[in-house]
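Novice: Pasting model_17.pdb here (PDB, C-alpha atoms):
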ATOM      1  CA  MET A   1       0.163  43.173  57.053
ATOM      2  CA  PRO A   2       0.337  42.409  53.315
ATOM      3  CA  LYS A   3      -2.902  42.506  51.419
ATOM      4  CA  GLY A   4      -3.849  39.448  49.405
ATOM      5  CA  PRO A   5      -6.896  37.472  48.388
ATOM      6  CA  HIS A   6      -9.260  36.658  51.201
ATOM      7  CA  PRO A   7      -8.490  33.166  52.543
ATOM      8  CA  LYS A   8     -12.021  32.081  51.761
ATOM      9  CA  ALA A   9     -11.961  33.518  48.266
ATOM     10  CA  GLN A  10     -12.428  30.854  45.599
ATOM     11  CA  THR A  11     -12.097  31.174  41.891
ATOM     12  CA  LYS A  12     -14.944  29.979  39.684
ATOM     13  CA  ASN A  13     -12.760  27.057  38.653
ATOM     14  CA  GLU A  14     -11.988  26.056  42.238
ATOM     15  CA  LYS A  15     -15.669  26.086  43.071
ATOM     16  CA  GLU A  16     -16.429  23.923  40.040
ATOM     17  CA  ASN A  17     -13.693  21.469  40.960
ATOM     18  CA  LYS A  18     -15.063  21.285  44.501
ATOM     19  CA  ARG A  19     -18.568  20.621  43.232
ATOM     20  CA  THR A  20     -17.275  17.908  40.911
ATOM     21  CA  SER A  21     -15.290  16.218  43.678
ATOM     22  CA  GLU A  22     -18.413  16.099  45.825
ATOM     23  CA  ARG A  23     -20.394  14.225  43.198
ATOM     24  CA  PRO A  24     -21.552  10.737  44.147
ATOM     25  CA  ALA A  25     -19.654   7.738  42.847
ATOM     26  CA  SER A  26     -22.117   7.252  39.999
ATOM     27  CA  GLY A  27     -21.304  10.726  38.691
ATOM     28  CA  ASP A  28     -17.601  10.045  38.883
ATOM     29  CA  LYS A  29     -17.965   7.141  36.498
ATOM     30  CA  MET A  30     -19.208   9.372  33.697
ATOM     31  CA  TYR A  31     -17.241  12.545  34.220
ATOM     32  CA  GLY A  32     -14.061  11.456  36.020
ATOM     33  CA  LYS A  33     -12.866  12.352  39.498
ATOM     34  CA  ALA A  34     -11.866  15.967  39.984
ATOM     35  CA  ALA A  35      -8.136  16.609  39.982
ATOM     36  CA  ASN A  36      -8.408  20.127  41.467
ATOM     37  CA  ILE A  37      -5.833  21.677  39.166
ATOM     38  CA  PRO A  38      -6.895  25.289  38.611
ATOM     39  CA  ILE A  39      -7.073  26.464  35.025
ATOM     40  CA  ALA A  40      -7.220  30.224  34.840
ATOM     41  CA  ALA A  41      -8.209  30.685  31.220
ATOM     42  CA  GLN A  42     -12.001  30.628  31.427
ATOM     43  CA  ASN A  43     -12.642  33.706  29.329
ATOM     44  CA  PRO A  44     -13.521  33.860  25.642
ATOM     45  CA  VAL A  45     -10.424  33.490  23.543
ATOM     46  CA  SER A  46      -9.320  34.557  20.118
ATOM     47  CA  LEU A  47      -7.969  31.934  17.784
ATOM     48  CA  VAL A  48      -7.213  34.401  15.016
ATOM     49  CA  GLY A  49      -4.084  33.306  13.207
ATOM     50  CA  LYS A  50      -4.242  29.772  14.595
ATOM     51  CA  SER A  51      -4.478  26.744  12.369
ATOM     52  CA  VAL A  52      -6.607  23.919  13.736
ATOM     53  CA  LEU A  53      -7.131  20.397  12.415
ATOM     54  CA  VAL A  54     -10.250  18.606  13.647
ATOM     55  CA  VAL A  55     -10.286  14.916  12.800
ATOM     56  CA  GLY A  56     -13.931  13.891  12.944
ATOM     57  CA  GLY A  57     -14.935  17.508  12.609
ATOM     58  CA  THR A  58     -17.815  17.008  10.188
ATOM     59  CA  ALA A  59     -20.452  15.869  12.685
ATOM     60  CA  GLY A  60     -21.480  15.890  16.340
ATOM     61  CA  LEU A  61     -19.006  17.094  18.899
ATOM     62  CA  GLY A  62     -16.223  17.538  16.372
ATOM     63  CA  ARG A  63     -18.325  19.770  14.182
ATOM     64  CA  ALA A  64     -19.318  21.906  17.186
ATOM     65  CA  ILE A  65     -15.676  22.280  18.160
ATOM     66  CA  ALA A  66     -14.652  23.108  14.594
ATOM     67  CA  GLU A  67     -17.342  25.771  14.346
ATOM     68  CA  ALA A  68     -16.414  27.217  17.744
ATOM     69  CA  CYS A  69     -12.804  27.536  16.547
ATOM     70  CA  ILE A  70     -13.864  29.161  13.291
ATOM     71  CA  ASN A  71     -15.917  31.753  15.164
ATOM     72  CA  ALA A  72     -13.423  32.400  17.987
ATOM     73  CA  GLY A  73     -12.307  35.805  16.814
TER      74      GLY A  73
ATOM     75  CA  MET B   1     -22.955  29.481   9.698
ATOM     76  CA  SER B   2     -21.676  33.001  10.357
ATOM     77  CA  PRO B   3     -18.629  34.279   8.476
ATOM     78  CA  PRO B   4     -15.367  32.915   9.914
ATOM     79  CA  THR B   5     -13.671  35.249  12.358
ATOM     80  CA  GLY B   6     -11.320  32.975  14.264
ATOM     81  CA  ALA B   7      -9.060  30.061  13.487
ATOM     82  CA  SER B   8      -8.307  28.570  10.118
ATOM     83  CA  VAL B   9      -9.909  25.141  10.491
ATOM     84  CA  THR B  10      -9.435  21.967   8.497
ATOM     85  CA  THR B  11     -11.854  19.135   9.141
ATOM     86  CA  VAL B  12     -11.351  15.486   8.301
ATOM     87  CA  GLY B  13     -14.249  13.089   7.869
ATOM     88  CA  ARG B  14     -15.904  10.581   5.592
ATOM     89  CA  SER B  15     -18.247  13.115   4.016
ATOM     90  CA  ASN B  16     -18.612  16.863   3.962
ATOM     91  CA  ARG B  17     -21.818  17.790   5.785
ATOM     92  CA  GLY B  18     -21.596  21.478   5.079
ATOM     93  CA  GLY B  19     -19.614  22.703   8.065
ATOM     94  CA  GLY B  20     -17.131  25.526   7.800
ATOM     95  CA  GLY B  21     -13.435  25.383   7.057
ATOM     96  CA  ALA B  22     -11.491  23.296   4.605
ATOM     97  CA  PHE B  23     -12.600  19.702   4.283
ATOM     98  CA  VAL B  24     -10.371  16.703   3.673
ATOM     99  CA  PRO B  25     -12.211  13.445   2.970
ATOM    100  CA  CYS B  26     -10.806  10.368   4.680
ATOM    101  CA  ASP B  27     -12.175   7.129   6.084
ATOM    102  CA  VAL B  28      -9.961   6.910   9.155
ATOM    103  CA  SER B  29     -11.142   3.389   9.972
ATOM    104  CA  LEU B  30      -8.390   2.224   7.614
ATOM    105  CA  MET B  31      -4.833   2.749   8.812
ATOM    106  CA  GLY B  32      -3.523   2.856   5.258
ATOM    107  CA  ASN B  33      -5.818   5.833   4.674
ATOM    108  CA  VAL B  34      -4.585   7.519   7.838
ATOM    109  CA  ARG B  35      -0.968   7.181   6.753
ATOM    110  CA  LYS B  36      -1.818   8.709   3.380
ATOM    111  CA  LEU B  37      -3.802  11.472   5.091
ATOM    112  CA  VAL B  38      -0.802  12.440   7.193
ATOM    113  CA  ALA B  39       1.439  12.435   4.140
ATOM    114  CA  ASP B  40      -0.962  14.735   2.285
ATOM    115  CA  LEU B  41      -1.736  17.189   5.119
ATOM    116  CA  PRO B  42       0.474  20.212   5.894
ATOM    117  CA  VAL B  43       1.037  18.852   9.419
ATOM    118  CA  GLU B  44       3.794  21.361  10.170
ATOM    119  CA  THR B  45       1.311  24.258   9.879
ATOM    120  CA  PHE B  46      -1.204  23.154  12.519
ATOM    121  CA  ASP B  47      -1.202  24.764  15.970
ATOM    122  CA  VAL B  48      -3.866  22.400  17.285
ATOM    123  CA  LEU B  49      -4.638  18.804  16.383
ATOM    124  CA  ALA B  50      -8.046  17.844  17.767
ATOM    125  CA  PHE B  51      -9.152  14.217  17.570
ATOM    126  CA  THR B  52     -12.909  13.951  17.986
ATOM    127  CA  ASN B  53     -13.504  11.001  15.670
ATOM    128  CA  GLY B  54     -15.229   8.138  17.390
ATOM    129  CA  ILE B  55     -18.008   5.587  17.324
ATOM    130  CA  ILE B  56     -19.570   3.104  19.733
ATOM    131  CA  PRO B  57     -19.263  -0.629  19.009
ATOM    132  CA  LYS B  58     -22.231  -2.269  17.306
ATOM    133  CA  LYS B  59     -24.009  -5.218  18.950
ATOM    134  CA  THR B  60     -22.071  -7.666  16.830
ATOM    135  CA  LYS B  61     -18.403  -7.325  16.034
ATOM    136  CA  CYS B  62     -17.441  -5.566  12.822
ATOM    137  CA  VAL B  63     -13.924  -5.520  11.463
ATOM    138  CA  THR B  64     -12.412  -3.306   8.805
ATOM    139  CA  SER B  65     -10.901  -4.653   5.612
ATOM    140  CA  GLU B  66      -7.564  -4.403   7.442
ATOM    141  CA  GLY B  67      -8.842  -6.765  10.147
ATOM    142  CA  VAL B  68      -9.208  -4.218  12.940
ATOM    143  CA  GLU B  69     -12.299  -4.102  15.145
ATOM    144  CA  GLU B  70     -14.259  -1.093  13.912
ATOM    145  CA  ASP B  71     -14.480   0.890  17.166
ATOM    146  CA  MET B  72     -10.809   0.368  17.927
ATOM    147  CA  ALA B  73      -9.914   1.409  14.378
ATOM    148  CA  VAL B  74     -11.984   4.614  14.308
ATOM    149  CA  SER B  75     -11.911   5.751  17.935
ATOM    150  CA  ALA B  76      -8.338   5.037  18.948
ATOM    151  CA  LEU B  77      -5.936   3.243  16.601
ATOM    152  CA  SER B  78      -6.380   5.840  13.843
ATOM    153  CA  ARG B  79      -5.227   8.505  16.292
ATOM    154  CA  HIS B  80      -2.198   6.468  17.280
ATOM    155  CA  VAL B  81      -1.224   5.920  13.655
ATOM    156  CA  PHE B  82      -1.811   9.584  12.807
ATOM    157  CA  LEU B  83       0.303  10.889  15.681
ATOM    158  CA  ALA B  84       3.139   8.422  15.150
ATOM    159  CA  ALA B  85       3.346   9.345  11.474
ATOM    160  CA  ALA B  86       2.878  13.089  12.012
ATOM    161  CA  ALA B  87       5.143  13.635  15.015
ATOM    162  CA  PRO B  88       8.363  14.234  13.056
ATOM    163  CA  ARG B  89       6.600  17.154  11.323
ATOM    164  CA  PHE B  90       4.893  18.665  14.387
ATOM    165  CA  LYS B  91       4.991  22.458  14.622
ATOM    166  CA  ALA B  92       6.802  23.574  17.792
ATOM    167  CA  GLY B  93       4.301  23.861  20.631
ATOM    168  CA  VAL B  94       1.535  22.034  18.782
ATOM    169  CA  ARG B  95      -1.367  20.998  20.973
ATOM    170  CA  VAL B  96      -2.659  17.459  20.662
ATOM    171  CA  LEU B  97      -6.164  17.253  22.084
ATOM    172  CA  ILE B  98      -7.779  13.847  22.333
ATOM    173  CA  TRP B  99     -11.475  13.338  22.991
ATOM    174  CA  GLY B 100     -12.604  10.104  24.596
ATOM    175  CA  MET B 101     -13.854   9.122  28.015
ATOM    176  CA  PRO B 102     -10.736   9.289  30.202
ATOM    177  CA  GLY B 103     -11.014   8.866  33.942
ATOM    178  CA  ASN B 104     -14.509   7.356  33.809
ATOM    179  CA  GLY B 105     -13.642   4.093  35.553
ATOM    180  CA  MET B 106     -13.908   1.859  32.466
ATOM    181  CA  VAL B 107     -10.173   1.373  32.003
ATOM    182  CA  LYS B 108     -10.175  -1.336  34.659
ATOM    183  CA  HIS B 109     -12.385  -3.380  32.300
ATOM    184  CA  ALA B 110     -10.011  -2.940  29.356
ATOM    185  CA  ASP B 111      -7.766  -5.720  28.079
ATOM    186  CA  GLY B 112      -4.526  -4.492  26.568
ATOM    187  CA  ALA B 113      -3.574  -8.043  25.642
ATOM    188  CA  ASP B 114      -6.632  -8.244  23.392
ATOM    189  CA  LEU B 115      -6.753  -4.820  21.832
ATOM    190  CA  ASN B 116      -8.706  -6.102  18.833
ATOM    191  CA  SER B 117     -11.376  -7.847  20.946
ATOM    192  CA  ASP B 118     -10.497 -11.175  19.313
ATOM    193  CA  ALA B 119     -11.004 -13.183  22.510
ATOM    194  CA  LYS B 120     -13.964 -11.251  23.872
ATOM    195  CA  TYR B 121     -16.211  -8.633  22.275
ATOM    196  CA  GLY B 122     -18.675  -6.297  23.927
ATOM    197  CA  GLY B 123     -21.157  -4.197  21.960
ATOM    198  CA  GLY B 124     -22.196  -0.739  23.129
ATOM    199  CA  PHE B 125     -20.470   0.111  26.384
ATOM    200  CA  SER B 126     -20.039  -3.537  27.401
ATOM    201  CA  PRO B 127     -16.437  -4.368  28.224
ATOM    202  CA  PRO B 128     -13.875  -4.846  27.021
ATOM    203  CA  THR B 129     -14.274  -3.405  23.504
ATOM    204  CA  HIS B 130     -15.087   0.267  24.090
ATOM    205  CA  ALA B 131     -13.047   0.228  27.306
ATOM    206  CA  ASN B 132     -10.043  -0.698  25.162
ATOM    207  CA  THR B 133     -10.452   2.460  23.097
ATOM    208  CA  ILE B 134     -10.844   4.554  26.252
ATOM    209  CA  ALA B 135      -7.653   3.101  27.681
ATOM    210  CA  LEU B 136      -5.656   3.562  24.479
ATOM    211  CA  ASN B 137      -6.788   7.183  24.139
ATOM    212  CA  GLU B 138      -5.818   7.954  27.716
ATOM    213  CA  ALA B 139      -2.515   6.178  27.145
ATOM    214  CA  LEU B 140      -1.928   8.293  24.022
ATOM    215  CA  VAL B 141      -2.321  11.478  26.055
ATOM    216  CA  ALA B 142       0.170  10.272  28.653
ATOM    217  CA  HIS B 143       2.553   8.906  26.005
ATOM    218  CA  TRP B 144       2.791  12.100  23.979
ATOM    219  CA  ALA B 145       2.891  14.279  27.081
ATOM    220  CA  ALA B 146       5.888  12.260  28.276
ATOM    221  CA  LYS B 147       7.569  13.033  24.953
ATOM    222  CA  GLY B 148       7.154  16.755  25.600
ATOM    223  CA  VAL B 149       4.113  17.324  23.387
ATOM    224  CA  VAL B 150       1.374  19.587  24.763
ATOM    225  CA  ALA B 151      -1.171  16.784  24.931
ATOM    226  CA  ALA B 152      -4.463  16.774  26.804
ATOM    227  CA  GLY B 153      -7.456  14.469  27.069
ATOM    228  CA  PHE B 154     -11.126  15.367  27.189
ATOM    229  CA  ASN B 155     -14.134  13.519  28.583
ATOM    230  CA  PRO B 156     -17.271  15.300  27.353
ATOM    231  CA  GLY B 157     -19.570  13.020  29.338
ATOM    232  CA  LEU B 158     -23.074  12.852  27.904
ATOM    233  CA  VAL B 159     -23.569  15.399  25.147
ATOM    234  CA  ARG B 160     -26.467  15.222  22.716
ATOM    235  CA  THR B 161     -25.094  13.887  19.417
ATOM    236  CA  ASP B 162     -25.894  10.962  17.142
ATOM    237  CA  ILE B 163     -22.961   8.816  18.319
ATOM    238  CA  ARG B 164     -25.254   6.576  20.386
ATOM    239  CA  ASN B 165     -27.697   5.852  17.542
ATOM    240  CA  VAL B 166     -26.074   2.457  17.137
ATOM    241  CA  LEU B 167     -27.436   1.545  20.568
ATOM    242  CA  HIS B 168     -31.029   2.253  19.556
ATOM    243  CA  GLY B 169     -31.141   0.789  16.083
ATOM    244  CA  GLY B 170     -30.404   3.857  14.023
ATOM    245  CA  THR B 171     -32.200   7.173  13.875
ATOM    246  CA  GLY B 172     -35.681   6.028  14.929
ATOM    247  CA  CYS B 173     -38.029   7.181  17.686
ATOM    248  CA  MET B 174     -36.063   5.406  20.412
ATOM    249  CA  ALA B 175     -32.858   7.217  19.469
ATOM    250  CA  ALA B 176     -34.670  10.561  19.288
ATOM    251  CA  PHE B 177     -36.301   9.975  22.683
ATOM    252  CA  PHE B 178     -33.051   8.892  24.333
ATOM    253  CA  GLU B 179     -31.058  11.784  22.910
ATOM    254  CA  GLY B 180     -33.874  14.150  23.848
ATOM    255  CA  CYS B 181     -33.631  12.983  27.462
ATOM    256  CA  ILE B 182     -29.862  13.478  27.371
ATOM    257  CA  GLY B 183     -30.406  16.955  25.968
ATOM    258  CA  CYS B 184     -32.658  17.852  28.912
ATOM    259  CA  PHE B 185     -29.956  17.278  31.496
ATOM    260  CA  ASN B 186     -26.716  17.817  29.626
ATOM    261  CA  PRO B 187     -25.157  20.477  27.438
ATOM    262  CA  THR B 188     -25.545  20.509  23.695
ATOM    263  CA  ALA B 189     -22.433  19.919  21.626
ATOM    264  CA  GLU B 190     -22.281  23.659  20.937
ATOM    265  CA  VAL B 191     -22.424  24.617  24.621
ATOM    266  CA  TYR B 192     -19.803  22.009  25.460
ATOM    267  CA  ALA B 193     -17.548  23.307  22.676
ATOM    268  CA  GLN B 194     -17.735  26.829  24.097
ATOM    269  CA  ALA B 195     -16.864  25.498  27.568
ATOM    270  CA  VAL B 196     -13.659  23.838  26.397
ATOM    271  CA  LEU B 197     -12.644  26.416  23.791
ATOM    272  CA  PRO B 198     -10.445  28.436  26.215
ATOM    273  CA  LEU B 199      -8.428  25.294  26.860
ATOM    274  CA  LEU B 200      -7.154  25.332  23.302
ATOM    275  CA  THR B 201      -4.891  28.217  24.231
ATOM    276  CA  ALA B 202      -4.687  27.942  28.048
ATOM    277  CA  PRO B 203      -1.031  28.242  29.142
ATOM    278  CA  GLU B 204      -1.577  25.642  31.865
ATOM    279  CA  LEU B 205      -1.699  22.917  29.239
ATOM    280  CA  ALA B 206       1.839  23.708  28.156
ATOM    281  CA  ALA B 207       3.067  24.002  31.739
ATOM    282  CA  GLN B 208       1.544  20.717  32.816
ATOM    283  CA  LYS B 209       1.335  18.328  29.907
ATOM    284  CA  GLY B 210      -1.048  15.391  29.887
ATOM    285  CA  LEU B 211      -3.942  16.991  31.760
ATOM    286  CA  LEU B 212      -7.400  15.481  31.471
ATOM    287  CA  PHE B 213     -10.604  17.512  31.464
ATOM    288  CA  GLY B 214     -14.203  16.683  32.298
ATOM    289  CA  GLN B 215     -17.469  17.908  30.835
ATOM    290  CA  LYS B 216     -17.214  21.450  32.182
ATOM    291  CA  GLY B 217     -13.582  21.946  31.265
ATOM    292  CA  THR B 218     -12.272  21.290  34.757
ATOM    293  CA  THR B 219      -9.414  18.902  35.403
ATOM    294  CA  ILE B 220     -10.063  15.246  36.226
ATOM    295  CA  GLN B 221      -7.784  12.478  37.454
ATOM    296  CA  ARG B 222      -5.972   9.967  35.308
ATOM    297  CA  SER B 223      -7.184   6.361  35.539
ATOM    298  CA  PRO B 224      -5.184   4.544  38.251
ATOM    299  CA  GLU B 225      -4.480   1.723  35.789
ATOM    300  CA  LEU B 226      -2.502   4.166  33.602
ATOM    301  CA  GLU B 227      -0.535   6.084  36.201
ATOM    302  CA  GLY B 228       2.756   4.297  35.566
ATOM    303  CA  ALA B 229       4.931   4.816  32.501
ATOM    304  CA  ALA B 230       5.165   1.045  32.041
ATOM    305  CA  ASP B 231       1.357   0.772  32.056
ATOM    306  CA  VAL B 232       1.145   3.377  29.321
ATOM    307  CA  GLN B 233       3.901   1.769  27.283
ATOM    308  CA  ARG B 234       2.106  -1.587  27.293
ATOM    309  CA  TRP B 235      -0.852   0.018  25.543
ATOM    310  CA  ILE B 236       1.371   1.830  23.068
ATOM    311  CA  ASP B 237       3.225  -1.387  22.279
ATOM    312  CA  ALA B 238      -0.064  -3.210  21.743
ATOM    313  CA  ALA B 239      -1.263  -0.412  19.468
ATOM    314  CA  ASP B 240       2.016  -0.516  17.514
ATOM    315  CA  ALA B 241       1.558  -4.239  16.928
ATOM    316  CA  LEU B 242      -2.078  -3.946  15.829
ATOM    317  CA  ALA B 243      -1.343  -0.959  13.596
ATOM    318  CA  ALA B 244       1.546  -2.796  11.941
ATOM    319  CA  LYS B 245      -0.807  -5.695  11.121
ATOM    320  CA  ALA B 246      -3.412  -3.321   9.737
ATOM    321  CA  ILE B 247      -0.952  -1.463   7.548
ATOM    322  CA  ALA B 248       0.513  -4.714   6.282
ATOM    323  CA  ALA B 249      -3.015  -5.800   5.369
ATOM    324  CA  SER B 250      -3.677  -2.491   3.634
ATOM    325  CA  GLY B 251      -0.793  -3.012   1.278
ATOM    326  CA  ALA B 252       0.822   0.231   2.374
ATOM    327  CA  GLU B 253       4.541   0.497   2.640
ATOM    328  CA  LYS B 254       5.840  -1.226   5.743
ATOM    329  CA  THR B 255       7.709   1.155   7.971
ATOM    330  CA  THR B 256       8.124   1.445  11.687
ATOM    331  CA  LEU B 257       5.339   3.283  13.424
ATOM    332  CA  ARG B 258       7.341   4.056  16.536
ATOM    333  CA  VAL B 259       8.688   7.571  16.661
ATOM    334  CA  PRO B 260      12.410   7.550  17.484
ATOM    335  CA  THR B 261      13.043   8.693  21.051
TER     336      THR B 261
END
Turn this file's structure into structure tokens for me.
Specialist:
Amino acid sequence: MPKGPHPKAQTKNEKENKRTSERPASGDKMYGKAANIPIAAQNPVSLVGKSVLVVGGTAGLGRAIAEACINAG
Amino acid sequence: MSPPTGASVTTVGRSNRGGGGAFVPCDVSLMGNVRKLVADLPVETFDVLAFTNGIIPKKTKCVTSEGVEEDMAVSALSRHVFLAAAAPRFKAGVRVLIWGMPGNGMVKHADGADLNSDAKYGGGFSPPTHANTIALNEALVAHWAAKGVVAAGFNPGLVRTDIRNVLHGGTGCMAAFFEGCIGCFNPTAEVYAQAVLPLLTAPELAAQKGLLFGQKGTTIQRSPELEGAADVQRWIDAADALAAKAIAASGAEKTTLRVPT
């Protein structure tokens, strides 16, 4: 019998999607309904060599994203 | 800020508040400015275009000198104008990442026939004004994804920033209290940024264009009102028309905004 992942094994992303889909309707309004599409890349990444433009990147969320990109080495 | 170790970042905004990276000043509430910005930027060098610019409508309607409702101008139409003008110079594989509030249920309150809130205005989150920007941003993601661009939309949910100050009369005690409460139960902007950072290079975005992501970087569903290509096109057509009026009012050269298909 071929070995593979345990049928009950869930990735971190699958678990998060499941939790999100189980939120009450009020939560859905703010965060959107889960689409359950797994995204594997959940590890720290390197953006060395990448060129990023952040429009609105001088304050708030944009600034945080710009700084995260700058420091993603 | 620590010494840069990662990406080469260019930020665009009205004023430089001391963040890292190169800074390009631009008031993107004016479409004429946005067109000039695109002409001046080395668009073909960018691997990622992240649109985080946005405001919330004030209690009473404000329009720009080009006649565009302020929230629509800053939070959505500027992005449409930027992308339409920049697309011919896109680097292969460029990622277009659009922050808004996709999939949050407000699109059903939007009115694509009144993109500029001329017939009805709603301050704060009252429909249809901010809902119009949410719908146009979600439509932009779907529109550019359909054209083969690696586009994705992001709904950060509640994150502690100063974007909601307009709802509490500026930066007073009420705003500080409200944002403090938000900060107790939601991530800071920095924590949120770290959560979505891997998505900037995730291969899934290229394999499945037009994905939308929620606060924790997990995928969320598209608004049912924007599932059809015709639904999306209606919003793009409306944005084309409003942008053309704005650019005509700005005195900028009149050219078509639509990217040839």
Novice: Report as a CSV table (one decimal) with C-alpha atoms, in the frame of the given file the residues that result from applying the ChimeraX specification (/A :<8) & /B to the structure here.
Specialist:
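Result file part-v4.csv:
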chain,number,residue,atom,x,y,z
B,2,SER,CA,-21.7,33.0,10.4
B,3,PRO,CA,-18.6,34.3,8.5
B,4,PRO,CA,-15.4,32.9,9.9
B,5,THR,CA,-13.7,35.2,12.4
B,6,GLY,CA,-11.3,33.0,14.3
B,7,ALA,CA,-9.1,30.1,13.5
B,8,SER,CA,-8.3,28.6,10.1
B,9,VAL,CA,-9.9,25.1,10.5
B,10,THR,CA,-9.4,22.0,8.5
B,11,THR,CA,-11.9,19.1,9.1
B,12,VAL,CA,-11.4,15.5,8.3
B,13,GLY,CA,-14.2,13.1,7.9
B,15,SER,CA,-18.2,13.1,4.0
B,16,ASN,CA,-18.6,16.9,4.0
B,17,ARG,CA,-21.8,17.8,5.8
B,18,GLY,CA,-21.6,21.5,5.1
B,19,GLY,CA,-19.6,22.7,8.1
B,20,GLY,CA,-17.1,25.5,7.8
B,21,GLY,CA,-13.4,25.4,7.1
B,45,THR,CA,1.3,24.3,9.9
B,46,PHE,CA,-1.2,23.2,12.5
B,47,ASP,CA,-1.2,24.8,16.0
B,48,VAL,CA,-3.9,22.4,17.3
B,49,LEU,CA,-4.6,18.8,16.4
B,50,ALA,CA,-8.0,17.8,17.8
B,51,PHE,CA,-9.2,14.2,17.6
B,52,THR,CA,-12.9,14.0,18.0
B,53,ASN,CA,-13.5,11.0,15.7
B,54,GLY,CA,-15.2,8.1,17.4
B,101,MET,CA,-13.9,9.1,28.0
B,102,PRO,CA,-10.7,9.3,30.2
B,103,GLY,CA,-11.0,8.9,33.9
B,104,ASN,CA,-14.5,7.4,33.8
B,105,GLY,CA,-13.6,4.1,35.6
B,106,MET,CA,-13.9,1.9,32.5
B,155,ASN,CA,-14.1,13.5,28.6
B,156,PRO,CA,-17.3,15.3,27.4
B,157,GLY,CA,-19.6,13.0,29.3
B,158,LEU,CA,-23.1,12.9,27.9
B,159,VAL,CA,-23.6,15.4,25.1
B,161,THR,CA,-25.1,13.9,19.4
B,162,ASP,CA,-25.9,11.0,17.1
B,163,ILE,CA,-23.0,8.8,18.3
B,189,ALA,CA,-22.4,19.9,21.6
B,190,GLU,CA,-22.3,23.7,20.9
B,193,ALA,CA,-17.5,23.3,22.7
B,194,GLN,CA,-17.7,26.8,24.1
B,197,LEU,CA,-12.6,26.4,23.8
B,198,PRO,CA,-10.4,28.4,26.2
B,199,LEU,CA,-8.4,25.3,26.9
B,201,THR,CA,-4.9,28.2,24.2
B,202,ALA,CA,-4.7,27.9,28.0
B,203,PRO,CA,-1.0,28.2,29.1
B,204,GLU,CA,-1.6,25.6,31.9
B,214,GLY,CA,-14.2,16.7,32.3
B,215,GLN,CA,-17.5,17.9,30.8
B,218,THR,CA,-12.3,21.3,34.8
B,219,THR,CA,-9.4,18.9,35.4
B,220,ILE,CA,-10.1,15.2,36.2
B,221,GLN,CA,-7.8,12.5,37.5
Novice: Can you measure atom CA of Glu70 of chain B to atom CA of Gly32 of chain B for me? One decimal in Å is fine.
Specialist: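 Between these atoms lies a distance of 14.3 Å.
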Novice: Mind checking which residues fall within 8 Å of segment 110-127 of chain B, counting all atoms listed in the file, ignoring those fewer than 3 positions away in the same chain, and posting them as a count of residues only?
Specialist: 22
Novice: Could you jot down the atom CA of Ser250 of chain B to atom CA of Ile98 of chain B separation for me, Å, one decimal place?
Specialist: 25.2 Å
Novice: Distance atom CA of Ile55 of chain B-atom CA of Lys147 of chain B, one decimal place?
Specialist: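 Atom-to-atom, atom CA of Ile55 of chain B to atom CA of Lys147 of chain B, that is 27.7 Å.
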Novice: With all atoms listed in the file as the atoms that count, which of B:Gly93, B:Gly100, B:Gly228, B:Pro187 lies nearest to His143 of chain B?
Specialist: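 Closest to His143 of chain B, using all atoms listed in the file: B:Gly228.
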Novice: If the box runs along x, y and z of the file and leaves 6 Å on each side of segment 131-148 of chain B, what are its centre and edge lengths in Å, one decimal, as JSON?
Specialist:
{"center_x": -2.7, "center_y": 8.0, "center_z": 25.9, "size_x": 32.6, "size_y": 29.5, "size_z": 17.6}
Novice: Show which residues sit within 10 Å of Gln208 of chain B, as an mmCIF file with C-alpha atoms, in the coordinates of the input. Count only C-alpha atoms, and ignore same-chain residues fewer than 5 positions away.
Specialist:
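Result file follows (around.cif):
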data_model
loop_
_atom_site.group_PDB
_atom_site.id
_atom_site.type_symbol
_atom_site.label_atom_id
_atom_site.label_comp_id
_atom_site.auth_asym_id
_atom_site.auth_seq_id
_atom_site.Cartn_x
_atom_site.Cartn_y
_atom_site.Cartn_z
ATOM 1 C CA ILE A 37 -5.833 21.677 39.166
ATOM 2 C CA ALA B 145 2.891 14.279 27.081
ATOM 3 C CA GLY B 148 7.154 16.755 25.600
ATOM 4 C CA VAL B 150 1.374 19.587 24.763
ATOM 5 C CA ALA B 151 -1.171 16.784 24.931
ATOM 6 C CA ALA B 152 -4.463 16.774 26.804
ATOM 7 C CA PRO B 203 -1.031 28.242 29.142
#
